[in-house]
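Structure record follows, encoded as structure tokens.
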Amino acid sequence: MRRFSHNHTVRLAALVPLMCVAVSVLASEAGKVDRGAIHHFQTSDRCIACHNGMQTSSGDDLSIGIDWRASMMANSARDPYWQASVRREITDHPTAKAAIEDGCADCHMPMARTEARLRGEPGAVFAHLPVNPANPEDLEAHDGVSCSLCHQISPEKLGNPESFSGGFVIAQGDAAGVHSEFGPFEIDRGRTRIMQSSTGGFRPTQGQHIRQSELCASCHTLITTAYGADGKAIGTFPEQVPYQEWLHSDYRDRQTCQSCHMPQVNEDAPIVRVLGVNRPGVARHEFVAGNFFMQRMLARYHDDLQVSALPLELNVAADRTVKFLQTQAAHVSIGAVEMRSGRLETTVTVENLGGHKLPTAYPSRRAWLHFIVRDRNGAVVFESGALNPDGSIRGNDNDADPLRFEPHYREIRTADQVQIYESILRDSTGAVTTGLISTVGYLKDNRLLPHGFEKGTADVDVAVHGDAAQDPAFDAHGHRLRYSVDVVSGAWPFQVEAELWYQPIGFRWASNLKRYNTSEPRRLNSYFDSMSTASAVALARACAPVPCRDDRNISSLKHSLEDTSP
């Protein structure tokens, strides 16, 4: 069945410019490039014109541009949570404003930032917001992590620390001003001339590094600099290091970032509609990952945020993200259930199925166990980790008090104890913080480990912190957590349910922005509060005895993802 067939009319409308300049340049214009018009990047609309509308032999749609524009890569600069967070950081550290904006623009507005750096200037964020359509650099900033950015990254320095934190190297033009655009396939001379002419001087060039994890690591390894009250640097912090987590796992020899997040088409397929030829291993540009909540937020507030993707496309992408998480992220199981002196005792095992920590990357993300015991009448006699309508977790100390947090547990005995897999950050005074530019280390990091991850040999940037580091039941095989709960008020037999929930923007991370009386934090919190019941989703579920009493499955848990269409 053709993907997105319900949106076929939308796709046809998007393909109006599709014949692009490719046909016209087959004539005498081939090779006649206006050298004065050549610059370092093109915005995605120039690429989408030709790289949409492809289909497999079975009619499966392969539109690269449509898939990409609903991803978080395409919307990295439009992300209202990112904008609010940058505003918070420069409010807290006004003397470091230029350095903070430069460090935040490097991977969220990379084309505009690269242009600025080539002029010897720092990158900017709010100078490009709101977007002025008459300013080409504003348009490049708004285009996020765009086609022309990723495909111009050269193999130089990839995988080395110099390439991290946005230290990628853009291939410079040759003596004639022609820029290489790297891809995995060898392109014949005729098609090379077509693209070079139609794009104003960008030449398709084979480069297998485009399929290597080291390319992704250039932005998804981010070491932030912490600043004190006087504006001076006081330390550094590994804000996100999924690449290093992957290197320390068994997955480093089995799968790349792209093989999971850019799944390949299962048959030979074209990469361009006009004069396209079938090629093996074409990758979908869906960039499926973990932020379904932001994709739904972008859909609901589409006009406010000047989003190019249609709301339907964004909601389809969010559904795809949820499916990805629910089928590939984690597994939950329940051991033998026993009764001892009025207490129900069992073990819940949570296994990470991915190639890095779960959750990984930006530290606002958290996963937790929701554990329920029902008696023979279906009445709940014990519950730990319920999600509240405002997006907070019942019983979580950190959601109730920004200066406290839940420890890593080896055993849960009371309803106000919640097992949360998360990173809790500390500032230079040792206090809990959600301010990245104030962060110098961890108070807790018990995010679930990937297979092959050895705690004892982990580098400091990916180390486990807090009691999980000493917990023998927390390792590369998962976490085995004991529950011993009072059920004297219930009637035997009991049913036990365990769910692993996930939230991309934790309640505390959003709530801490409320004290900033500026437009971006106010806007983010209004969005979050309006959608809080949809801020989390269950990834995996288990019951004992099986099957579950109400025969639910993960797909039915989408009640938590309310309809966020306008």
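How things are named: the first chain in the structure tokens is A, the next is B, and so on; residues count from 1 in each chain; ligands count from 1 in the order shown.
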
Near-A:Asp230 list (10 Å; only C-alpha atoms; drop same-chain fewer than 5 positions) as JSON, numbers by chain: {"A": [93, 94, 95, 96]}

Output all heavy atoms for every residue in the selection just made, as a compact mmCIF listing (two decimals), in the first residue's frame.
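Written output follows (part-v6.txt):
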```
# COMPACT_ATOMS: atom_id res chain seq x y z
N HIS A 93 22.86 34.36 31.74
CA HIS A 93 24.28 34.65 31.51
C HIS A 93 24.43 35.73 30.44
O HIS A 93 24.96 35.47 29.35
CB HIS A 93 25.01 33.38 31.08
CG HIS A 93 24.80 32.21 31.99
ND1 HIS A 93 25.52 32.02 33.15
CD2 HIS A 93 23.93 31.16 31.92
CE1 HIS A 93 25.11 30.90 33.74
NE2 HIS A 93 24.15 30.37 33.02
N PRO A 94 23.98 36.95 30.72
CA PRO A 94 23.95 37.99 29.68
C PRO A 94 25.32 38.35 29.13
O PRO A 94 25.45 38.68 27.95
CB PRO A 94 23.29 39.18 30.39
CG PRO A 94 23.49 38.91 31.85
CD PRO A 94 23.43 37.44 32.01
N THR A 95 26.37 38.26 29.96
CA THR A 95 27.69 38.63 29.46
C THR A 95 28.26 37.59 28.50
O THR A 95 29.22 37.86 27.78
CB THR A 95 28.67 38.82 30.62
OG1 THR A 95 28.75 37.61 31.38
CG2 THR A 95 28.21 39.96 31.54
N ALA A 96 27.67 36.38 28.49
CA ALA A 96 28.12 35.32 27.58
C ALA A 96 27.17 35.15 26.41
O ALA A 96 27.21 34.13 25.72
CB ALA A 96 28.28 34.02 28.34
```

Within 10 Å of A:Val337 using only C-alpha atoms, minus same-chain residues under 4 positions, as a PyMOL selection string: chain A and resi 344-347+483+494-496+544-545

Strand (DSSP E) residues, from DSSP on the backbone, in stretch 195-225 of chain A, as number ranges by chain: A: 202-206, 222-225

Best match for closeness to A:Ile170 among A:Cys216, A:Leu118, A:Val86, A:Ala534, counting only C-alpha atoms: A:Leu118

Long-range neighbours of stretch 433-445 of chain A as a PyMOL selection string, 7 Å cut-off, only C-alpha atoms, 5 positions minimum in chain: chain A and resi 89+224-227+235-237+422-428+464-466+509

Writing out the chosen residues with all heavy atoms as a compact mmCIF listing (two decimals), in the first residue's frame:
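File written: again.txt
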```txt
# COMPACT_ATOMS: atom_id res chain seq x y z
N GLU A 89 18.94 30.82 28.76
CA GLU A 89 20.37 30.80 29.01
C GLU A 89 21.01 32.18 28.89
O GLU A 89 21.86 32.55 29.71
CB GLU A 89 21.06 29.82 28.06
CG GLU A 89 20.58 28.37 28.16
CD GLU A 89 20.92 27.70 29.50
OE1 GLU A 89 21.57 28.32 30.35
OE2 GLU A 89 20.51 26.54 29.67
N THR A 224 29.03 21.32 26.35
CA THR A 224 28.72 22.72 26.62
C THR A 224 29.72 23.31 27.61
O THR A 224 30.32 22.60 28.43
CB THR A 224 27.30 22.87 27.21
OG1 THR A 224 27.19 22.04 28.36
CG2 THR A 224 26.25 22.46 26.19
N THR A 225 29.88 24.62 27.54
CA THR A 225 30.72 25.36 28.47
C THR A 225 29.84 26.02 29.52
O THR A 225 28.84 26.67 29.19
CB THR A 225 31.53 26.45 27.73
OG1 THR A 225 32.39 25.81 26.78
CG2 THR A 225 32.38 27.26 28.71
N ALA A 226 30.18 25.82 30.79
CA ALA A 226 29.44 26.44 31.89
C ALA A 226 30.08 27.77 32.23
O ALA A 226 31.31 27.91 32.22
CB ALA A 226 29.44 25.52 33.10
N TYR A 227 29.22 28.75 32.54
CA TYR A 227 29.69 30.08 32.90
C TYR A 227 29.22 30.44 34.30
O TYR A 227 28.10 30.10 34.71
CB TYR A 227 29.17 31.13 31.91
CG TYR A 227 29.75 30.99 30.52
CD1 TYR A 227 29.09 30.25 29.54
CD2 TYR A 227 30.97 31.58 30.19
CE1 TYR A 227 29.62 30.11 28.27
CE2 TYR A 227 31.51 31.44 28.93
CZ TYR A 227 30.83 30.70 27.97
OH TYR A 227 31.37 30.56 26.71
N GLY A 235 33.71 25.50 33.63
CA GLY A 235 33.74 24.07 33.41
C GLY A 235 33.06 23.69 32.11
O GLY A 235 32.56 24.55 31.37
N THR A 236 33.05 22.40 31.84
CA THR A 236 32.37 21.87 30.66
C THR A 236 31.47 20.72 31.08
O THR A 236 31.62 20.17 32.18
CB THR A 236 33.36 21.38 29.59
OG1 THR A 236 34.19 20.35 30.16
CG2 THR A 236 34.22 22.52 29.08
N PHE A 237 30.55 20.35 30.19
CA PHE A 237 29.58 19.30 30.52
C PHE A 237 29.18 18.56 29.25
O PHE A 237 28.87 19.19 28.23
CB PHE A 237 28.35 19.94 31.18
CG PHE A 237 27.25 18.96 31.45
CD1 PHE A 237 27.41 17.97 32.41
CD2 PHE A 237 26.06 19.00 30.73
CE1 PHE A 237 26.40 17.06 32.66
CE2 PHE A 237 25.05 18.09 30.98
CZ PHE A 237 25.22 17.11 31.94
N GLU A 422 16.74 8.78 34.25
CA GLU A 422 16.90 10.18 33.86
C GLU A 422 18.29 10.67 34.21
O GLU A 422 19.06 10.01 34.91
CB GLU A 422 15.88 11.04 34.63
CG GLU A 422 16.08 10.98 36.14
CD GLU A 422 15.02 11.72 36.93
OE1 GLU A 422 14.27 12.53 36.33
OE2 GLU A 422 14.93 11.50 38.16
N SER A 423 18.60 11.87 33.74
CA SER A 423 19.81 12.57 34.17
C SER A 423 19.39 13.79 34.98
O SER A 423 18.55 14.58 34.53
CB SER A 423 20.66 12.98 32.97
OG SER A 423 19.90 13.69 32.01
N ILE A 424 19.94 13.92 36.18
CA ILE A 424 19.72 15.07 37.04
C ILE A 424 21.03 15.85 37.08
O ILE A 424 22.08 15.30 37.45
CB ILE A 424 19.28 14.65 38.46
CG1 ILE A 424 17.94 13.93 38.40
CG2 ILE A 424 19.21 15.87 39.38
CD1 ILE A 424 16.76 14.79 38.04
N LEU A 425 20.98 17.12 36.72
CA LEU A 425 22.18 17.92 36.56
C LEU A 425 22.45 18.76 37.81
O LEU A 425 21.53 19.12 38.54
CB LEU A 425 22.03 18.85 35.35
CG LEU A 425 21.47 18.22 34.06
CD1 LEU A 425 21.49 19.24 32.93
CD2 LEU A 425 22.23 16.96 33.68
N ARG A 426 23.73 19.11 38.01
CA ARG A 426 24.10 19.95 39.15
C ARG A 426 24.89 21.17 38.66
O ARG A 426 25.64 21.10 37.69
CB ARG A 426 24.93 19.17 40.16
CG ARG A 426 26.28 18.69 39.64
CD ARG A 426 27.10 18.05 40.75
NE ARG A 426 28.36 17.50 40.24
CZ ARG A 426 29.47 18.20 40.11
NH1 ARG A 426 29.49 19.49 40.44
NH2 ARG A 426 30.57 17.63 39.65
N ASP A 427 24.70 22.28 39.37
CA ASP A 427 25.47 23.48 39.05
C ASP A 427 26.72 23.53 39.93
O ASP A 427 27.02 22.58 40.67
CB ASP A 427 24.61 24.73 39.19
CG ASP A 427 24.14 25.00 40.62
OD1 ASP A 427 24.72 24.42 41.57
OD2 ASP A 427 23.19 25.80 40.78
N SER A 428 27.45 24.64 39.87
CA SER A 428 28.73 24.73 40.59
C SER A 428 28.56 24.74 42.10
O SER A 428 29.53 24.50 42.83
CB SER A 428 29.48 25.98 40.14
OG SER A 428 28.71 27.15 40.40
N VAL A 464 27.84 6.12 34.48
CA VAL A 464 26.63 6.06 35.30
C VAL A 464 26.91 6.83 36.58
O VAL A 464 27.99 6.71 37.17
CB VAL A 464 26.26 4.59 35.60
CG1 VAL A 464 25.04 4.52 36.50
CG2 VAL A 464 26.03 3.84 34.29
N HIS A 465 25.93 7.60 37.05
CA HIS A 465 26.12 8.41 38.25
C HIS A 465 25.01 8.12 39.25
O HIS A 465 23.86 7.85 38.89
CB HIS A 465 26.10 9.90 37.90
CG HIS A 465 27.24 10.34 37.04
ND1 HIS A 465 28.42 10.83 37.55
CD2 HIS A 465 27.39 10.34 35.69
CE1 HIS A 465 29.25 11.12 36.56
NE2 HIS A 465 28.64 10.83 35.42
N GLY A 466 25.36 8.20 40.55
CA GLY A 466 24.41 7.91 41.60
C GLY A 466 24.45 6.45 41.97
O GLY A 466 25.38 5.71 41.60
N TRP A 509 11.49 20.44 33.45
CA TRP A 509 12.26 21.20 32.47
C TRP A 509 11.40 22.29 31.83
O TRP A 509 11.89 23.38 31.54
CB TRP A 509 12.84 20.26 31.41
CG TRP A 509 14.01 19.49 31.93
CD1 TRP A 509 14.00 18.41 32.76
CD2 TRP A 509 15.39 19.77 31.67
NE1 TRP A 509 15.27 18.00 33.03
CE2 TRP A 509 16.15 18.81 32.36
CE3 TRP A 509 16.04 20.72 30.89
CZ2 TRP A 509 17.54 18.79 32.33
CZ3 TRP A 509 17.44 20.71 30.85
CH2 TRP A 509 18.17 19.74 31.56
```

Surrounding residues of stretch 307-317 of chain A excluding itself and chain neighbours under 4 positions, 6 Å, only C-alpha atoms, as a PyMOL selection string: chain A and resi 69-70+295-296+299+302

File dump, residues just selected, N, CA and C atoms, as a PDB file, in the first residue's frame:
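Heads up, here's the output in part14.pdb:
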```
ATOM      1  N   ARG A  69      10.858  17.257   5.820  1.00  0.00           N
ATOM      2  CA  ARG A  69      10.337  18.512   6.355  1.00  0.00           C
ATOM      3  C   ARG A  69       9.417  18.315   7.563  1.00  0.00           C
ATOM      4  N   ALA A  70       9.003  17.079   7.846  1.00  0.00           N
ATOM      5  CA  ALA A  70       8.233  16.800   9.052  1.00  0.00           C
ATOM      6  C   ALA A  70       9.122  16.286  10.183  1.00  0.00           C
ATOM      7  N   GLN A 295       6.781  17.155  17.491  1.00  0.00           N
ATOM      8  CA  GLN A 295       6.148  17.064  16.175  1.00  0.00           C
ATOM      9  C   GLN A 295       4.663  17.388  16.261  1.00  0.00           C
ATOM     10  N   ARG A 296       4.001  16.941  17.327  1.00  0.00           N
ATOM     11  CA  ARG A 296       2.588  17.270  17.502  1.00  0.00           C
ATOM     12  C   ARG A 296       2.397  18.752  17.856  1.00  0.00           C
ATOM     13  N   ALA A 299       2.623  20.675  14.744  1.00  0.00           N
ATOM     14  CA  ALA A 299       1.395  20.514  13.965  1.00  0.00           C
ATOM     15  C   ALA A 299       0.290  21.419  14.496  1.00  0.00           C
ATOM     16  N   HIS A 302       1.218  25.242  13.995  1.00  0.00           N
ATOM     17  CA  HIS A 302       1.856  25.310  12.683  1.00  0.00           C
ATOM     18  C   HIS A 302       2.023  26.748  12.187  1.00  0.00           C
TER      19      HIS A 302
END
```

Separation of atom CA of A:Gly281 from atom CA of A:Asp268, in Å and rounded to one decimal: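 Atom CA of A:Asp268 lies at a distance of 6.7 Å from atom CA of A:Gly281.
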
A:Asn266 environment, 12 Å, only C-alpha atoms, sequence neighbours closer than 2 positions dropped, as a list of chain:residue names: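 Contacts, in chain order: A:Thr56, A:Ser57, A:Ser58, A:Asp60, A:Leu62, A:Pro263, A:Gln264, A:Asp268, A:Ala269, A:Arg279, A:Pro280, A:Gly281, A:Val282, A:Ala283, A:Arg284.
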
d(atom CA of A:Gly65, atom CA of A:Arg320) in Å: 16.5 Å

Quick one: which stretch 72-140 of chain A residues come within 8 Å of stretch 41-47 of chain A, and what is the nearest atom pair for each with the distance in Å to one decimal, counting only C-alpha atoms, rows ordered by chain and ascending number, as a tab-separated table?
```
residue	atom	partner	partner_atom	distance
A:Met111	CA	A:Phe41	CA	6.9
A:Leu139	CA	A:Thr43	CA	7.3
A:Glu140	CA	A:Thr43	CA	6.0
```

Nearest to A:Leu215 by atom-to-atom distance, counting only C-alpha atoms, from A:Cys257, A:Ala431, A:Ala336, A:Ala171: A:Cys257

Stretch 306-480 of chain A: residues DSSP assigns to helix (DSSP H, G or I), reported as JSON, numbers by chain: {"A": [311, 312, 313, 314, 315, 316, 317, 318, 319, 320, 321, 322, 323, 324, 325, 326, 327, 328, 397, 398, 399, 400, 436, 437, 438, 455, 456, 457, 460, 461, 462, 467, 468, 469]}

Writer output for current selection, N, CA, C and O atoms, as a short mmCIF file (atom, residue, chain, number, x, y, z; two decimals), in the first residue's frame:
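As a result, result-v1.cif now contains:
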```
data_model
loop_
_atom_site.label_atom_id
_atom_site.label_comp_id
_atom_site.auth_asym_id
_atom_site.auth_seq_id
_atom_site.Cartn_x
_atom_site.Cartn_y
_atom_site.Cartn_z
N PRO A 311 0.27 20.21 8.85
CA PRO A 311 -0.08 19.53 10.11
C PRO A 311 -0.30 18.04 9.95
O PRO A 311 0.12 17.25 10.81
N LEU A 312 -0.93 17.63 8.85
CA LEU A 312 -1.15 16.20 8.63
C LEU A 312 0.17 15.46 8.53
O LEU A 312 0.34 14.37 9.10
N GLU A 313 1.14 16.03 7.81
CA GLU A 313 2.45 15.39 7.67
C GLU A 313 3.14 15.25 9.02
O GLU A 313 3.75 14.23 9.32
N LEU A 314 3.04 16.29 9.85
CA LEU A 314 3.67 16.26 11.16
C LEU A 314 3.02 15.24 12.08
O LEU A 314 3.71 14.54 12.83
N ASN A 315 1.70 15.13 12.02
CA ASN A 315 1.03 14.14 12.86
C ASN A 315 1.31 12.72 12.38
O ASN A 315 1.43 11.79 13.20
N VAL A 316 1.42 12.53 11.07
CA VAL A 316 1.83 11.22 10.55
C VAL A 316 3.23 10.88 11.03
O VAL A 316 3.52 9.75 11.44
N ALA A 317 4.12 11.88 10.99
CA ALA A 317 5.50 11.66 11.46
C ALA A 317 5.52 11.35 12.95
O ALA A 317 6.30 10.51 13.41
N ALA A 318 4.67 12.02 13.74
CA ALA A 318 4.61 11.75 15.17
C ALA A 318 4.12 10.33 15.43
O ALA A 318 4.66 9.63 16.31
N ASP A 319 3.13 9.89 14.68
CA ASP A 319 2.65 8.51 14.81
C ASP A 319 3.77 7.52 14.47
O ASP A 319 3.92 6.48 15.13
N ARG A 320 4.54 7.84 13.45
CA ARG A 320 5.65 6.97 13.05
C ARG A 320 6.70 6.92 14.17
O ARG A 320 7.28 5.87 14.45
N THR A 321 6.95 8.07 14.81
CA THR A 321 7.89 8.12 15.92
C THR A 321 7.43 7.24 17.07
O THR A 321 8.21 6.48 17.66
N VAL A 322 6.14 7.33 17.41
CA VAL A 322 5.60 6.51 18.49
C VAL A 322 5.72 5.02 18.16
O VAL A 322 6.12 4.20 19.00
N LYS A 323 5.39 4.66 16.93
CA LYS A 323 5.52 3.26 16.52
C LYS A 323 6.97 2.79 16.63
O LYS A 323 7.25 1.66 17.09
N PHE A 324 7.89 3.62 16.20
CA PHE A 324 9.32 3.30 16.29
C PHE A 324 9.72 3.05 17.74
O PHE A 324 10.38 2.06 18.07
N LEU A 325 9.29 3.93 18.63
CA LEU A 325 9.63 3.79 20.04
C LEU A 325 9.01 2.54 20.65
O LEU A 325 9.65 1.83 21.44
N GLN A 326 7.76 2.27 20.29
CA GLN A 326 7.05 1.15 20.90
C GLN A 326 7.48 -0.21 20.36
O GLN A 326 7.18 -1.24 20.97
N THR A 327 8.17 -0.23 19.25
CA THR A 327 8.61 -1.50 18.68
C THR A 327 10.12 -1.72 18.79
O THR A 327 10.58 -2.86 18.70
N GLN A 328 10.90 -0.66 19.02
CA GLN A 328 12.35 -0.80 18.97
C GLN A 328 13.09 -0.24 20.18
O GLN A 328 14.31 -0.32 20.23
N ASP A 397 9.63 13.53 43.39
CA ASP A 397 10.08 14.67 44.19
C ASP A 397 10.50 15.85 43.33
O ASP A 397 10.26 17.01 43.69
N ASN A 398 11.12 15.59 42.19
CA ASN A 398 11.62 16.68 41.35
C ASN A 398 10.50 17.48 40.70
O ASN A 398 10.60 18.69 40.53
N ASP A 399 9.39 16.81 40.36
CA ASP A 399 8.25 17.55 39.80
C ASP A 399 7.57 18.41 40.87
O ASP A 399 7.01 19.45 40.56
N ALA A 400 7.65 17.98 42.12
CA ALA A 400 7.05 18.75 43.21
C ALA A 400 7.97 19.86 43.71
O ALA A 400 7.50 20.91 44.15
N LEU A 436 21.50 24.51 31.27
CA LEU A 436 22.66 23.80 30.74
C LEU A 436 23.94 24.62 30.87
O LEU A 436 25.03 24.06 31.07
N ILE A 437 23.84 25.93 30.76
CA ILE A 437 25.04 26.76 30.82
C ILE A 437 25.49 26.99 32.26
O ILE A 437 26.53 27.59 32.52
N SER A 438 24.71 26.49 33.21
CA SER A 438 25.12 26.48 34.61
C SER A 438 25.61 25.11 35.06
O SER A 438 26.13 24.96 36.16
N LYS A 455 29.75 -0.73 32.76
CA LYS A 455 29.82 0.43 33.65
C LYS A 455 31.24 0.71 34.12
O LYS A 455 31.67 1.87 34.20
N GLY A 456 31.97 -0.33 34.45
CA GLY A 456 33.28 -0.16 35.06
C GLY A 456 34.33 0.43 34.15
O GLY A 456 35.33 0.98 34.62
N THR A 457 34.13 0.32 32.83
CA THR A 457 35.14 0.82 31.90
C THR A 457 34.65 2.03 31.10
O THR A 457 35.34 2.49 30.19
N VAL A 460 34.32 8.94 31.40
CA VAL A 460 33.62 9.85 32.31
C VAL A 460 32.43 10.52 31.64
O VAL A 460 31.41 10.78 32.29
N ASP A 461 32.50 10.78 30.34
CA ASP A 461 31.40 11.46 29.65
C ASP A 461 30.15 10.60 29.52
O ASP A 461 29.05 11.12 29.32
N VAL A 462 30.29 9.28 29.62
CA VAL A 462 29.13 8.39 29.48
C VAL A 462 28.90 7.55 30.74
O VAL A 462 28.12 6.61 30.73
N ASP A 467 23.44 5.98 42.70
CA ASP A 467 23.47 4.62 43.22
C ASP A 467 23.42 3.57 42.12
O ASP A 467 23.83 2.42 42.33
N ALA A 468 22.95 3.93 40.93
CA ALA A 468 22.92 2.96 39.83
C ALA A 468 24.31 2.46 39.50
O ALA A 468 24.48 1.34 39.01
N ALA A 469 25.33 3.28 39.77
CA ALA A 469 26.71 2.87 39.48
C ALA A 469 27.12 1.68 40.32
O ALA A 469 27.95 0.86 39.90
#
```

Between atom CA of A:Pro504 and atom CA of A:Cys260 - distance in Å to one decimal: 18.7 Å
